[in-house]
Structure formats: structure tokens, C-alpha cells
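S.K.: File input.txt follows (compact mmCIF, C-alpha atoms):
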```txt
# COMPACT_ATOMS: atom_id res chain seq x y z
CA ASP A 84 -5.68 -0.73 -14.55
CA SER A 85 -2.65 0.67 -12.75
CA GLY A 86 -0.14 -0.52 -15.36
CA VAL A 87 1.58 -2.80 -12.84
CA THR A 88 1.34 -6.48 -13.68
CA GLN A 89 1.82 -9.44 -11.41
CA THR A 90 2.03 -13.13 -12.17
CA PRO A 91 0.69 -15.54 -11.33
CA LYS A 92 -2.69 -14.38 -10.07
CA HIS A 93 -3.15 -17.45 -7.93
CA LEU A 94 -0.66 -19.93 -6.55
CA ILE A 95 -1.33 -23.05 -4.52
CA THR A 96 1.56 -24.95 -3.06
CA ALA A 97 2.57 -27.10 -0.11
CA THR A 98 4.48 -26.36 3.04
CA GLY A 99 8.23 -26.46 2.64
CA GLN A 100 8.10 -25.49 -1.01
CA ARG A 101 9.58 -22.47 -2.73
CA VAL A 102 7.74 -20.09 -5.07
CA THR A 103 8.60 -17.04 -7.13
CA LEU A 104 6.27 -14.13 -7.65
CA ARG A 105 6.88 -11.79 -10.52
CA CYS A 106 6.13 -8.10 -10.93
CA SER A 107 6.47 -5.77 -13.90
CA PRO A 108 6.34 -2.09 -12.94
CA ARG A 109 4.66 0.67 -14.88
CA SER A 110 6.61 1.90 -17.84
CA GLY A 111 9.18 4.41 -16.63
CA ASP A 112 8.94 3.52 -12.94
CA LEU A 113 12.27 2.72 -11.32
CA SER A 114 11.09 1.78 -7.86
CA VAL A 115 9.35 -1.46 -6.93
CA TYR A 116 7.78 -2.32 -3.59
CA TRP A 117 6.52 -5.61 -2.21
CA TYR A 118 3.77 -5.93 0.36
CA GLN A 119 2.08 -8.83 2.13
CA GLN A 120 -1.55 -8.79 3.16
CA SER A 121 -2.82 -11.66 5.25
CA LEU A 122 -6.51 -12.37 5.74
CA ASP A 123 -8.14 -9.40 7.45
CA GLN A 124 -4.76 -7.77 7.96
CA GLY A 125 -3.45 -4.50 6.75
CA LEU A 126 -0.67 -4.11 4.27
CA GLN A 127 2.76 -5.04 5.57
CA PHE A 128 5.68 -3.54 3.72
CA LEU A 129 8.32 -6.09 2.86
CA ILE A 130 10.98 -4.50 0.71
CA GLN A 131 11.70 -1.77 -1.83
CA TYR A 132 14.06 -1.73 -4.79
CA TYR A 133 15.15 1.27 -6.80
CA ASN A 134 16.82 0.82 -10.15
CA GLY A 135 18.12 -2.59 -9.21
CA GLU A 136 19.33 -1.76 -5.72
CA GLU A 137 17.64 -2.56 -2.42
CA ARG A 138 16.42 0.74 -0.97
CA ALA A 139 14.35 -0.06 2.11
CA LYS A 140 13.52 -3.13 4.12
CA GLY A 141 10.46 -3.81 6.20
CA ASN A 142 9.32 -6.91 8.04
CA ILE A 143 10.62 -9.34 5.50
CA LEU A 144 11.42 -12.82 6.76
CA GLU A 145 14.84 -14.33 6.14
CA ARG A 146 13.09 -17.07 4.15
CA PHE A 147 11.97 -14.39 1.70
CA SER A 148 14.18 -12.61 -0.77
CA ALA A 149 13.70 -10.31 -3.68
CA GLN A 150 15.58 -8.75 -6.52
CA GLN A 151 15.06 -6.23 -9.28
CA PHE A 152 16.50 -7.03 -12.67
CA PRO A 153 18.08 -4.70 -15.26
CA ASP A 154 14.79 -4.51 -17.15
CA LEU A 155 13.27 -3.32 -13.82
CA HIS A 156 10.96 -6.24 -13.28
CA SER A 157 11.15 -7.74 -9.83
CA GLU A 158 10.78 -11.15 -8.30
CA LEU A 159 9.89 -12.11 -4.76
CA ASN A 160 11.14 -15.51 -3.71
CA LEU A 161 9.44 -17.27 -0.84
CA SER A 162 11.09 -20.43 0.46
CA SER A 163 10.43 -23.06 3.14
CA LEU A 164 6.82 -22.01 2.96
CA GLU A 165 4.62 -22.24 6.01
CA LEU A 166 0.85 -22.19 6.36
CA GLY A 167 1.10 -18.67 7.73
CA ASP A 168 2.64 -17.44 4.51
CA SER A 169 -0.74 -17.75 2.83
CA ALA A 170 -1.64 -14.20 1.86
CA LEU A 171 -2.08 -11.70 -0.91
CA TYR A 172 1.22 -10.36 -2.16
CA PHE A 173 1.14 -7.00 -3.83
CA CYS A 174 3.72 -5.28 -5.89
CA ALA A 175 3.72 -1.52 -6.37
CA SER A 176 5.86 0.78 -8.43
CA SER A 177 6.68 4.46 -8.48
CA VAL A 178 8.78 6.80 -10.55
CA SER A 179 11.34 7.31 -7.79
CA HIS A 180 11.74 7.18 -4.02
CA GLN A 181 8.35 7.05 -2.41
CA GLU A 182 6.55 9.01 -5.02
CA THR A 183 2.97 7.91 -5.58
CA GLN A 184 2.86 4.12 -5.57
CA TYR A 185 0.71 2.26 -8.07
CA PHE A 186 -0.30 -1.22 -7.02
CA GLY A 187 -0.69 -4.33 -9.08
CA PRO A 188 -3.63 -6.74 -8.80
CA GLY A 189 -1.74 -9.04 -6.46
CA THR A 190 -0.84 -12.70 -6.27
CA ARG A 191 -2.93 -14.84 -3.96
CA LEU A 192 -0.74 -17.52 -2.37
CA LEU A 193 -2.27 -20.48 -0.62
CA VAL A 194 0.03 -22.81 1.27
CA LEU A 195 -1.53 -26.16 2.13
CA LEU B 200 9.25 5.44 11.88
CA ALA B 201 5.94 7.29 11.86
CA LYS B 202 3.16 5.13 13.31
CA THR B 203 -0.37 5.90 12.23
CA THR B 204 -3.69 5.39 13.99
CA GLN B 205 -7.07 5.36 12.24
CA PRO B 206 -10.58 4.40 13.30
CA ILE B 207 -11.28 0.76 12.55
CA SER B 208 -14.60 1.39 10.82
CA MET B 209 -17.12 4.05 9.87
CA ASP B 210 -20.64 3.89 8.52
CA SER B 211 -22.23 6.48 6.31
CA TYR B 212 -25.10 6.96 3.88
CA GLU B 213 -25.16 7.78 0.22
CA GLY B 214 -24.74 11.46 -0.48
CA GLN B 215 -23.10 12.26 2.84
CA GLU B 216 -19.58 13.52 3.41
CA VAL B 217 -17.19 11.09 5.08
CA ASN B 218 -14.22 12.33 7.09
CA ILE B 219 -11.52 9.91 8.22
CA THR B 220 -8.84 11.15 10.59
CA CYS B 221 -5.39 9.60 10.82
CA SER B 222 -3.08 10.33 13.75
CA HIS B 223 0.66 10.40 13.16
CA ASN B 224 2.15 12.04 16.23
CA ASN B 225 5.79 11.36 15.39
CA ILE B 226 5.69 12.40 11.76
CA ALA B 227 9.10 13.53 10.54
CA THR B 228 9.86 16.81 8.84
CA ASN B 229 10.27 15.26 5.42
CA ASP B 230 7.30 12.85 5.67
CA TYR B 231 4.36 13.09 3.29
CA ILE B 232 0.87 11.80 3.98
CA THR B 233 -0.79 9.59 1.42
CA TRP B 234 -4.19 7.92 1.37
CA TYR B 235 -5.14 4.79 -0.50
CA GLN B 236 -8.44 3.03 -1.12
CA GLN B 237 -8.69 -0.75 -1.31
CA PHE B 238 -11.56 -2.97 -2.42
CA PRO B 239 -11.59 -6.67 -1.43
CA SER B 240 -8.95 -8.75 -3.21
CA GLN B 241 -7.71 -5.76 -5.19
CA GLY B 242 -4.57 -3.70 -4.96
CA PRO B 243 -4.78 -0.35 -3.17
CA ARG B 244 -5.54 2.65 -5.31
CA PHE B 245 -3.94 6.05 -4.73
CA ILE B 246 -6.41 8.73 -3.65
CA ILE B 247 -4.48 11.79 -2.53
CA GLN B 248 -1.18 12.97 -1.08
CA GLY B 249 -0.17 16.07 0.84
CA TYR B 250 2.46 17.68 3.04
CA LYS B 251 0.64 20.52 4.77
CA THR B 252 -2.55 22.61 4.77
CA LYS B 253 -5.10 21.42 2.22
CA VAL B 254 -4.97 19.40 -0.95
CA THR B 255 -7.95 18.75 -3.18
CA ASN B 256 -8.45 16.62 -6.27
CA GLU B 257 -11.40 15.29 -8.17
CA VAL B 258 -12.20 12.57 -5.66
CA ALA B 259 -11.18 13.83 -2.20
CA SER B 260 -9.70 16.53 -0.01
CA LEU B 261 -6.91 16.17 2.51
CA PHE B 262 -6.68 18.50 5.47
CA ILE B 263 -3.42 18.72 7.42
CA PRO B 264 -3.16 21.04 10.44
CA ALA B 265 -0.08 23.12 11.10
CA ASP B 266 1.45 20.66 13.56
CA ARG B 267 1.00 17.82 11.02
CA LYS B 268 0.32 15.33 13.80
CA SER B 269 -2.90 14.27 12.15
CA SER B 270 -4.64 14.46 8.80
CA THR B 271 -8.23 14.12 7.64
CA LEU B 272 -9.37 12.56 4.40
CA SER B 273 -12.68 13.98 3.25
CA LEU B 274 -14.83 12.14 0.73
CA PRO B 275 -17.66 14.36 -0.52
CA ARG B 276 -21.08 12.90 -1.32
CA VAL B 277 -20.16 9.23 -1.04
CA SER B 278 -21.88 6.52 -3.06
CA LEU B 279 -22.23 2.79 -2.47
CA SER B 280 -19.13 2.19 -4.57
CA ASP B 281 -17.04 4.11 -2.04
CA THR B 282 -17.44 1.20 0.38
CA ALA B 283 -13.84 0.13 0.89
CA VAL B 284 -10.91 0.18 3.27
CA TYR B 285 -8.99 3.45 3.40
CA TYR B 286 -5.34 3.47 4.41
CA CYS B 287 -3.27 6.33 5.69
CA LEU B 288 0.41 6.15 4.76
CA VAL B 289 3.17 8.29 6.17
CA GLY B 290 6.63 8.24 4.66
CA ALA B 291 9.48 10.34 3.44
CA LYS B 292 10.43 11.08 -0.09
CA ALA B 293 13.97 9.93 0.61
CA ALA B 294 16.15 6.93 0.10
CA GLY B 295 16.07 4.23 2.72
CA ASN B 296 12.83 5.34 4.34
CA LYS B 297 10.53 2.82 5.92
CA LEU B 298 6.95 2.77 4.71
CA THR B 299 4.10 2.36 7.14
CA PHE B 300 0.48 1.74 6.33
CA GLY B 301 -2.09 2.44 9.02
CA GLY B 302 -4.45 -0.30 10.10
CA GLY B 303 -7.01 0.98 7.65
CA THR B 304 -10.53 2.28 8.12
CA ARG B 305 -13.37 0.15 6.78
CA VAL B 306 -15.99 2.52 5.40
CA LEU B 307 -19.46 1.16 4.75
CA VAL B 308 -21.79 3.32 2.71
CA LYS B 309 -25.43 2.43 3.13
CA PRO B 310 -28.30 3.23 0.78
```
In C-alpha cells, write the structure found in this file.

M.R.:
Amino acid sequence: DSGVTQTPKHLITATGQRVTLRCSPRSGDLSVYWYQQSLDQGLQFLIQYYNGEERAKGNILERFSAQQFPDLHSELNLSSLELGDSALYFCASSVSHQETQYFGPGTRLLVL
Amino acid sequence: LAKTTQPISMDSYEGQEVNITCSHNNIATNDYITWYQQFPSQGPRFIIQGYKTKVTNEVASLFIPADRKSSTLSLPRVSLSDTAVYYCLVGAKAAGNKLTFGGGTRVLVKP
């Protein structure tokens, strides 16, 4: 158990819908990262937040957005969902900028 | 943005040493090298991190030559439970850096 929690574990929705994935970092970690992993694909970095501020951006679609709240939990919002958005979404946290990242168990999203 | 290249897959047998090399030719001065292990449908797990020369912990060793253009993860005496995908990650300990995972190496440990 890494100490990072993600909810929900599984999510099934339809195309065009919007979903919110939630992540709680390890106690004391200020930085949160979001990754997408499609079937048989490697991990694609989406976005990083540090203490509430966006710190780094990867290949995140404009339909996707994220934020980190004052209590340091983070949410990833996915809108206008497409079939290709079906994937595992992982959250990771670290103490500060790109220190060792600890990953959560992931949210499996299935868009039908 | 440091791109990484790893072998797609490797097979080994229980008790053998497994060495996985990651190439990162355009690694920046302030980039660190980190390796993660991932089992199916689970989040990646941190294995080891280093900047130069050699780093060793209870599960692996990381060898980084002087030019830092590659690194080798060494797993001593692997067991069946070491069957997983291993990712090489290169990134800076600095604000605004972009994080890049390699394609991953699928290691299969056979009995």
C-alpha cells in the first residue's frame, strides 16, 4: 500500500459524458501527478500539481482538466468522453518536485 | 525532454540476474534516473533512483556510466514474482519539468 488513494476503482460511462476522478496523496506529500495508461500502452504523463498550483503539463487533452485543492487532494475531470479515453488513470504523489513518486491503485475507466 | 529507449521484453529464469539497459542520450545535467516496476492493473512501484555511478538498495542496483547517456537496472537472483514491466524514467528535480516514462521492458521470469 503506497498510501495514495484513488476513487472510484472502476467507472463505466457513455460517450459524451463527463467524469471526475479523485486522488488523495500520501500524508505530507505536496505534489500530485496524473497519468493515463491505455491497454498495452506505457504510462503517459498528463499533469502535475504542487501545493495547489499547476507545475508541469504533459499530453493532456483540452477536454481534460485537473485541480489540486487546499487539502491537497486532486481531481481529474474528463469531459466529452470518447471511446479512446478508456484507460487506467493513475495518480501519484511526492514530497516535492519530482522526488520519488508513489502511485495509487488507479481508476479503470471504460467508455461505452 | 529526455527520451528513453528500453528493450521491449526480456526472458530469464529463477535465480538468475537480470540487467535492463535504458538509453537516454539527451539527458540533461539536472536529470535523475528512476526505475519503476508495474504488475498488471496495478500502479507502478518505485524501485531505485540515481544520478551517477552506482546505487544499490535491498532490491536492485542501478549502474550509470560517466556520460550518463544510459543506465542499467540490475535485479539479482530473480524469482517468479519479479515478472513485471519495468519502466525507466528520466526527469529533473526542478519545477516545470516534463516527466517521461520509457516504453517499459516486459520481464518474464520462468521456473

S.K.: Using all atoms listed in the file, what table do you get, as JSON lines, when you list each residue of range 107-144 of chain A with an atom no more than 6 Å from range 86-94 of chain A, its nearest pair of atoms, and their distance in Å rounded to one decimal, rows by chain then rising number?

M.R.:
```
{"residue": "A:Ser107", "atom": "CA", "partner": "A:Thr88", "partner_atom": "CA", "distance": 5.2}
{"residue": "A:Pro108", "atom": "CA", "partner": "A:Val87", "partner_atom": "CA", "distance": 4.8}
{"residue": "A:Arg109", "atom": "CA", "partner": "A:Gly86", "partner_atom": "CA", "distance": 5.0}
```

S.K.: Can you write out the residues you just picked, keeping C-alpha atoms, as a tab-separated table (two decimals), in the coordinates of the input?

M.R.:
```
chain	number	residue	atom	x	y	z
A	107	SER	CA	6.47	-5.77	-13.90
A	108	PRO	CA	6.34	-2.09	-12.94
A	109	ARG	CA	4.66	0.67	-14.88
```

S.K.: Could you list, as a compact mmCIF listing (two decimals) with C-alpha atoms, in the coordinates of the input, every residue within 10 Å of Ile143 in chain A, counting only C-alpha atoms and ignoring same-chain residues fewer than 3 positions away?

M.R.:
```
# COMPACT_ATOMS: atom_id res chain seq x y z
CA TRP A 117 6.52 -5.61 -2.21
CA TYR A 118 3.77 -5.93 0.36
CA GLN A 119 2.08 -8.83 2.13
CA GLN A 127 2.76 -5.04 5.57
CA PHE A 128 5.68 -3.54 3.72
CA LEU A 129 8.32 -6.09 2.86
CA ILE A 130 10.98 -4.50 0.71
CA LYS A 140 13.52 -3.13 4.12
CA ARG A 146 13.09 -17.07 4.15
CA PHE A 147 11.97 -14.39 1.70
CA SER A 148 14.18 -12.61 -0.77
CA ALA A 149 13.70 -10.31 -3.68
```

S.K.: Go through A:Val178, A:Gln100, A:Pro188, A:Gln150 and flag the residue nearest Arg244 in chain B, using all atoms listed in the file for the distances.

M.R.: A:Pro188

S.K.: Quick one: residues within 7 Å of Gly303 in chain B, all atoms listed in the file, excluding same-chain residues fewer than 5 positions away - as a PDB file with C-alpha atoms, in the coordinates of the input?

M.R.:
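Full text of result-v5.pdb as output:
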```pdb
ATOM      1  CA  GLY A 125      -3.450  -4.500   6.750  1.00  0.00           C
TER       2      GLY A 125
ATOM      3  CA  GLN B 205      -7.070   5.360  12.240  1.00  0.00           C
ATOM      4  CA  ILE B 207     -11.280   0.760  12.550  1.00  0.00           C
ATOM      5  CA  VAL B 284     -10.910   0.180   3.270  1.00  0.00           C
ATOM      6  CA  TYR B 285      -8.990   3.450   3.400  1.00  0.00           C
ATOM      7  CA  TYR B 286      -5.340   3.470   4.410  1.00  0.00           C
ATOM      8  CA  CYS B 287      -3.270   6.330   5.690  1.00  0.00           C
TER       9      CYS B 287
END
```

S.K.: Up to 8 Å from (-22.2, 8.6, -2.1) in the file's coordinates: name the residues, counting all atoms listed in the file, as a ChimeraX atom specification.

M.R.: /B:212-216,275-281,308

S.K.: Include C-alpha atoms and write out the residues we just selected as a compact mmCIF listing (two decimals), keeping the file's coordinate frame.

M.R.:
```
# COMPACT_ATOMS: atom_id res chain seq x y z
CA TYR B 212 -25.10 6.96 3.88
CA GLU B 213 -25.16 7.78 0.22
CA GLY B 214 -24.74 11.46 -0.48
CA GLN B 215 -23.10 12.26 2.84
CA GLU B 216 -19.58 13.52 3.41
CA PRO B 275 -17.66 14.36 -0.52
CA ARG B 276 -21.08 12.90 -1.32
CA VAL B 277 -20.16 9.23 -1.04
CA SER B 278 -21.88 6.52 -3.06
CA LEU B 279 -22.23 2.79 -2.47
CA SER B 280 -19.13 2.19 -4.57
CA ASP B 281 -17.04 4.11 -2.04
CA VAL B 308 -21.79 3.32 2.71
```

S.K.: Which residue, A:Leu193, A:Ala175, A:Ala170, A:Leu155, has the smallest gap to Leu122 in chain A when you use only C-alpha atoms?

M.R.: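 Among the listed residues, A:Ala170 lies closest to Leu122 in chain A.
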
S.K.: Sorted by chain and rising residue number, list the residues of chain A at most 10 Å from chain B (counting all atoms listed in the file), each with its closest atom pair and distance in Å to one decimal, as JSON lines.

M.R.:
```
{"residue": "A:Asp84", "atom": "CA", "partner": "B:Arg244", "partner_atom": "CA", "distance": 9.8}
{"residue": "A:Ser85", "atom": "CA", "partner": "B:Arg244", "partner_atom": "CA", "distance": 8.2}
{"residue": "A:Tyr116", "atom": "CA", "partner": "B:Leu298", "partner_atom": "CA", "distance": 9.8}
{"residue": "A:Gln120", "atom": "CA", "partner": "B:Ser240", "partner_atom": "CA", "distance": 9.8}
{"residue": "A:Leu122", "atom": "CA", "partner": "B:Ser240", "partner_atom": "CA", "distance": 10.0}
{"residue": "A:Asp123", "atom": "CA", "partner": "B:Pro239", "partner_atom": "CA", "distance": 9.9}
{"residue": "A:Gln124", "atom": "CA", "partner": "B:Gly302", "partner_atom": "CA", "distance": 7.8}
{"residue": "A:Gly125", "atom": "CA", "partner": "B:Gly302", "partner_atom": "CA", "distance": 5.5}
{"residue": "A:Leu126", "atom": "CA", "partner": "B:Phe300", "partner_atom": "CA", "distance": 6.3}
{"residue": "A:Gln127", "atom": "CA", "partner": "B:Phe300", "partner_atom": "CA", "distance": 7.2}
{"residue": "A:Phe128", "atom": "CA", "partner": "B:Leu298", "partner_atom": "CA", "distance": 6.5}
{"residue": "A:Leu129", "atom": "CA", "partner": "B:Leu298", "partner_atom": "CA", "distance": 9.2}
{"residue": "A:Ile130", "atom": "CA", "partner": "B:Lys297", "partner_atom": "CA", "distance": 9.0}
{"residue": "A:Gln131", "atom": "CA", "partner": "B:Gly295", "partner_atom": "CA", "distance": 8.7}
{"residue": "A:Tyr132", "atom": "CA", "partner": "B:Gly295", "partner_atom": "CA", "distance": 9.8}
{"residue": "A:Tyr133", "atom": "CA", "partner": "B:Ala294", "partner_atom": "CA", "distance": 9.0}
{"residue": "A:Glu137", "atom": "CA", "partner": "B:Gly295", "partner_atom": "CA", "distance": 8.7}
{"residue": "A:Arg138", "atom": "CA", "partner": "B:Gly295", "partner_atom": "CA", "distance": 5.1}
{"residue": "A:Ala139", "atom": "CA", "partner": "B:Gly295", "partner_atom": "CA", "distance": 4.7}
{"residue": "A:Lys140", "atom": "CA", "partner": "B:Lys297", "partner_atom": "CA", "distance": 6.9}
{"residue": "A:Gly141", "atom": "CA", "partner": "B:Lys297", "partner_atom": "CA", "distance": 6.6}
{"residue": "A:Leu171", "atom": "CA", "partner": "B:Ser240", "partner_atom": "CA", "distance": 7.8}
{"residue": "A:Tyr172", "atom": "CA", "partner": "B:Gly242", "partner_atom": "CA", "distance": 9.3}
{"residue": "A:Phe173", "atom": "CA", "partner": "B:Gly242", "partner_atom": "CA", "distance": 6.7}
{"residue": "A:Cys174", "atom": "CA", "partner": "B:Gly242", "partner_atom": "CA", "distance": 8.5}
{"residue": "A:Ala175", "atom": "CA", "partner": "B:Gly242", "partner_atom": "CA", "distance": 8.7}
{"residue": "A:Ser179", "atom": "CA", "partner": "B:Lys292", "partner_atom": "CA", "distance": 8.6}
{"residue": "A:His180", "atom": "CA", "partner": "B:Lys292", "partner_atom": "CA", "distance": 5.7}
{"residue": "A:Gln181", "atom": "CA", "partner": "B:Lys292", "partner_atom": "CA", "distance": 5.1}
{"residue": "A:Glu182", "atom": "CA", "partner": "B:Lys292", "partner_atom": "CA", "distance": 6.6}
{"residue": "A:Thr183", "atom": "CA", "partner": "B:Phe245", "partner_atom": "CA", "distance": 7.2}
{"residue": "A:Gln184", "atom": "CA", "partner": "B:Phe245", "partner_atom": "CA", "distance": 7.1}
{"residue": "A:Tyr185", "atom": "CA", "partner": "B:Arg244", "partner_atom": "CA", "distance": 6.8}
{"residue": "A:Phe186", "atom": "CA", "partner": "B:Gly242", "partner_atom": "CA", "distance": 5.4}
{"residue": "A:Gly187", "atom": "CA", "partner": "B:Gly242", "partner_atom": "CA", "distance": 5.7}
{"residue": "A:Pro188", "atom": "CA", "partner": "B:Gly242", "partner_atom": "CA", "distance": 5.0}
{"residue": "A:Gly189", "atom": "CA", "partner": "B:Gly242", "partner_atom": "CA", "distance": 6.2}
{"residue": "A:Thr190", "atom": "CA", "partner": "B:Ser240", "partner_atom": "CA", "distance": 9.5}
{"residue": "A:Arg191", "atom": "CA", "partner": "B:Ser240", "partner_atom": "CA", "distance": 8.6}
```

S.K.: What separation in Å, quoted to one decimal, exists between CA of Gly99 in chain A and CA of Leu159 in chain A?

M.R.: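 Spanning CA of Gly99 in chain A to CA of Leu159 in chain A is a straight-line distance of 16.2 Å.
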
S.K.: Taking 4 positions as the minimum chain separation for residues in the same chain, which residues sit within 8 Å of Glu158 in chain A when counting only C-alpha atoms? Answer as a compact mmCIF listing (two decimals) with C-alpha atoms, keeping the file's coordinate frame.

M.R.:
```
# COMPACT_ATOMS: atom_id res chain seq x y z
CA THR A 103 8.60 -17.04 -7.13
CA LEU A 104 6.27 -14.13 -7.65
CA ARG A 105 6.88 -11.79 -10.52
CA CYS A 106 6.13 -8.10 -10.93
CA ALA A 149 13.70 -10.31 -3.68
CA GLN A 150 15.58 -8.75 -6.52
CA GLN A 151 15.06 -6.23 -9.28
```

S.K.: Neighbours of Pro153 in chain A within 8 Å (only C-alpha atoms; same-chain residues fewer than 3 positions away dropped), as an mmCIF file with C-alpha atoms, keeping the file's coordinate frame?

M.R.:
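New file out-v9.cif:
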```cif
data_model
loop_
_atom_site.group_PDB
_atom_site.id
_atom_site.type_symbol
_atom_site.label_atom_id
_atom_site.label_comp_id
_atom_site.auth_asym_id
_atom_site.auth_seq_id
_atom_site.Cartn_x
_atom_site.Cartn_y
_atom_site.Cartn_z
ATOM 1 C CA ASN A 134 16.820 0.820 -10.150
ATOM 2 C CA GLY A 135 18.120 -2.590 -9.210
ATOM 3 C CA HIS A 156 10.960 -6.240 -13.280
#
```

S.K.: Just how far from CA of Thr271 in chain B is CA of Ser222 in chain B, in Å to one decimal?

M.R.: 8.8 Å

S.K.: Have a look at B:Asn218, B:Thr228, B:Gln236, B:Ser211 and name the one nearest to Asp266 in chain B; count all atoms listed in the file.

M.R.: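 Checking each of B:Asn218, B:Thr228, B:Gln236, B:Ser211 against Asp266 in chain B, counting all atoms listed in the file, the winner is B:Thr228.
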
S.K.: Rounded to one decimal, what separation in Å do you get between CA of Thr220 in chain B and CA of Asn256 in chain B?

M.R.: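 Between CA of Thr220 in chain B and CA of Asn256 in chain B the gap is 17.7 Å.
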
S.K.: Some atoms are missing, so please complete range 110-125 of chain A with N, CA, C and O atoms and return it as a compact mmCIF listing (two decimals), in the frame of the given file.

M.R.:
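File out_25.txt, as written:
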```txt
# COMPACT_ATOMS: atom_id res chain seq x y z
N SER A 110 5.56 1.41 -16.96
CA SER A 110 6.61 1.90 -17.84
C SER A 110 7.20 3.19 -17.28
O SER A 110 6.47 4.13 -16.95
N GLY A 111 8.52 3.22 -17.13
CA GLY A 111 9.18 4.41 -16.63
C GLY A 111 9.41 4.43 -15.13
O GLY A 111 10.17 5.27 -14.63
N ASP A 112 8.75 3.55 -14.40
CA ASP A 112 8.94 3.52 -12.94
C ASP A 112 10.21 2.75 -12.60
O ASP A 112 10.44 1.66 -13.09
N LEU A 113 11.00 3.34 -11.71
CA LEU A 113 12.27 2.72 -11.32
C LEU A 113 12.20 2.00 -9.99
O LEU A 113 13.05 1.18 -9.67
N SER A 114 11.20 2.33 -9.20
CA SER A 114 11.09 1.78 -7.86
C SER A 114 10.00 0.73 -7.79
O SER A 114 8.91 0.93 -8.33
N VAL A 115 10.31 -0.36 -7.12
CA VAL A 115 9.35 -1.46 -6.93
C VAL A 115 9.26 -1.78 -5.45
O VAL A 115 10.27 -1.78 -4.74
N TYR A 116 8.05 -1.99 -4.99
CA TYR A 116 7.78 -2.32 -3.59
C TYR A 116 7.02 -3.63 -3.52
O TYR A 116 6.17 -3.90 -4.36
N TRP A 117 7.29 -4.39 -2.46
CA TRP A 117 6.52 -5.61 -2.21
C TRP A 117 5.82 -5.50 -0.86
O TRP A 117 6.42 -5.05 0.12
N TYR A 118 4.56 -5.94 -0.86
CA TYR A 118 3.77 -5.93 0.36
C TYR A 118 3.10 -7.29 0.54
O TYR A 118 2.79 -7.99 -0.43
N GLN A 119 2.83 -7.61 1.80
CA GLN A 119 2.08 -8.83 2.13
C GLN A 119 0.81 -8.42 2.85
O GLN A 119 0.82 -7.54 3.71
N GLN A 120 -0.28 -9.05 2.47
CA GLN A 120 -1.55 -8.79 3.16
C GLN A 120 -2.20 -10.12 3.51
O GLN A 120 -2.70 -10.83 2.64
N SER A 121 -2.17 -10.44 4.78
CA SER A 121 -2.82 -11.66 5.25
C SER A 121 -4.30 -11.40 5.43
O SER A 121 -4.75 -10.27 5.42
N LEU A 122 -5.07 -12.48 5.62
CA LEU A 122 -6.51 -12.37 5.74
C LEU A 122 -6.87 -11.38 6.84
O LEU A 122 -6.41 -11.48 7.97
N ASP A 123 -7.67 -10.41 6.49
CA ASP A 123 -8.14 -9.40 7.45
C ASP A 123 -7.02 -8.58 8.07
O ASP A 123 -7.23 -7.95 9.10
N GLN A 124 -5.88 -8.58 7.45
CA GLN A 124 -4.76 -7.77 7.96
C GLN A 124 -4.50 -6.60 7.04
O GLN A 124 -4.85 -6.60 5.88
N GLY A 125 -3.86 -5.63 7.56
CA GLY A 125 -3.45 -4.50 6.75
C GLY A 125 -2.24 -4.86 5.91
O GLY A 125 -1.72 -5.97 5.95
```
